[in-house]
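I have placed the structure first, in the form of structure tokens, so that the comments after it can refer back to it.
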Amino acid sequence: DAFPEIHAMIERACQALDLPRMPEVYIAAGGEINAFTAGVANPIVVLNSGSIDLLDDDELFFVIAHELGHIKSSHVLYYQMAEFLPVIGEIIGTATLGIGEVLSVGVQVALLNWKRMSEFTADRAGLLATQDVGAAMNAMMKLAGLPTKYYGRVNVDDFAAQARAFEALDSDKLSRIAKWLSTMGQTHPWTVLRANQFLAWID
């Protein structure tokens, strides 16, 4: 209740996504645009102060609804597993002369792939709640690293064209392998790929 505007956004997003229980929301220090959800039984949402400073209200609402989409879709348990599995694998590997760590790598890769795919689901939840593809695309461009000096000259159509063209790289096998290798160890897909996925979903 210290931030009534954000509280109102959380409330509105919960209604849009039919989430019966409002999670607690915390603001963390950080100049970049970032947010995450943690906790399983009682999940919380954490917003970086940079998200509030650099996003307009509609874009911030998209990010908040995206995080609530993770809660609605019960992603948080597997998120926590993906975070802790490398540590567990290392401990087991030490105890089993490295065998346990090798065996856990396959599970880690699969969980990270699942985690990247879950971002698409959460993006769709954000889009369902906002009903504003422009706000979602603007948020994506800012997440991708758009310099603040260009915020006033954002061109959604160009970014949408880039997002659609990104899929065309898959026709070249070498490019497809390069794309796969570049994201294999990442927790999030490339932002332009996320944009392409929800544009395809809208279509």
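Labels for the structure tokens follow display order: chains A, B, ..., residues from 1 in each chain, ligands from 1.
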Name the residues in contact with Phe159 (chain A) at a cut-off of 10 Å, using only C-alpha atoms, excluding same-chain residues fewer than 2 positions from it; report them as a CSV table (one decimal) with C-alpha atoms, in the first residue's frame.
chain,number,residue,atom,x,y,z
A,137,MET,CA,6.3,-4.2,-27.8
A,138,ASN,CA,7.6,-1.0,-26.2
A,140,MET,CA,10.2,-5.6,-25.1
A,141,MET,CA,12.3,-3.0,-26.9
A,154,VAL,CA,10.5,4.2,-30.5
A,155,ASN,CA,9.4,2.5,-33.8
A,156,VAL,CA,7.2,-0.4,-33.0
A,157,ASP,CA,6.7,-1.4,-36.6
A,161,ALA,CA,9.5,-6.5,-38.7
A,162,GLN,CA,12.8,-7.4,-37.1
A,163,ALA,CA,11.0,-9.9,-34.8
A,164,ARG,CA,9.2,-11.5,-37.8
A,165,ALA,CA,12.4,-11.6,-39.8
A,192,VAL,CA,13.3,-10.3,-30.3
A,195,ALA,CA,8.3,-10.5,-29.5
A,196,ASN,CA,8.0,-12.8,-32.6
Q: Skip Val63 (chain A) itself and residues of its chain fewer than 4 positions away, then list as an NGL selection string all residues within 9 Å of it, counting only C-alpha atoms.
A: :A and (34-35 or 51 or 58-59 or 67-68 or 123 or 126 or 136 or 139)
Write the residues of the preceding selection, restricted to C-alpha atoms, as a short mmCIF file (atom, residue, chain, number, x, y, z; two decimals), in the first residue's frame.
data_model
loop_
_atom_site.label_atom_id
_atom_site.label_comp_id
_atom_site.auth_asym_id
_atom_site.auth_seq_id
_atom_site.Cartn_x
_atom_site.Cartn_y
_atom_site.Cartn_z
CA ASN A 34 13.94 -6.25 -14.31
CA ALA A 35 11.33 -8.15 -12.33
CA SER A 51 11.34 -0.83 -14.13
CA ASP A 58 1.07 0.56 -19.65
CA GLU A 59 4.50 -1.03 -20.12
CA GLU A 67 5.12 -11.97 -13.61
CA LEU A 68 1.61 -12.84 -12.43
CA ASP A 123 4.30 -12.88 -22.18
CA GLY A 126 0.89 -9.98 -19.96
CA ALA A 136 4.03 -4.94 -24.81
CA ALA A 139 8.42 -2.96 -23.00
#
Q: Just the residues within 10 Å of Asp57 (chain A), please, counting only C-alpha atoms, with nothing from its chain fewer than 4 positions along; format it as a ChimeraX atom specification.
A: /A:5-6,9,52-53,61-63,135
Q. Separation of CA of Leu143 (chain A) and CA of Leu17 (chain A), in Å?
A.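 One can read the CA of Leu143 (chain A) to CA of Leu17 (chain A) distance as 22.8 Å.
Here CA of Asp56 (chain A) stands at a distance of 24.7 Å from CA of Ser118 (chain A).
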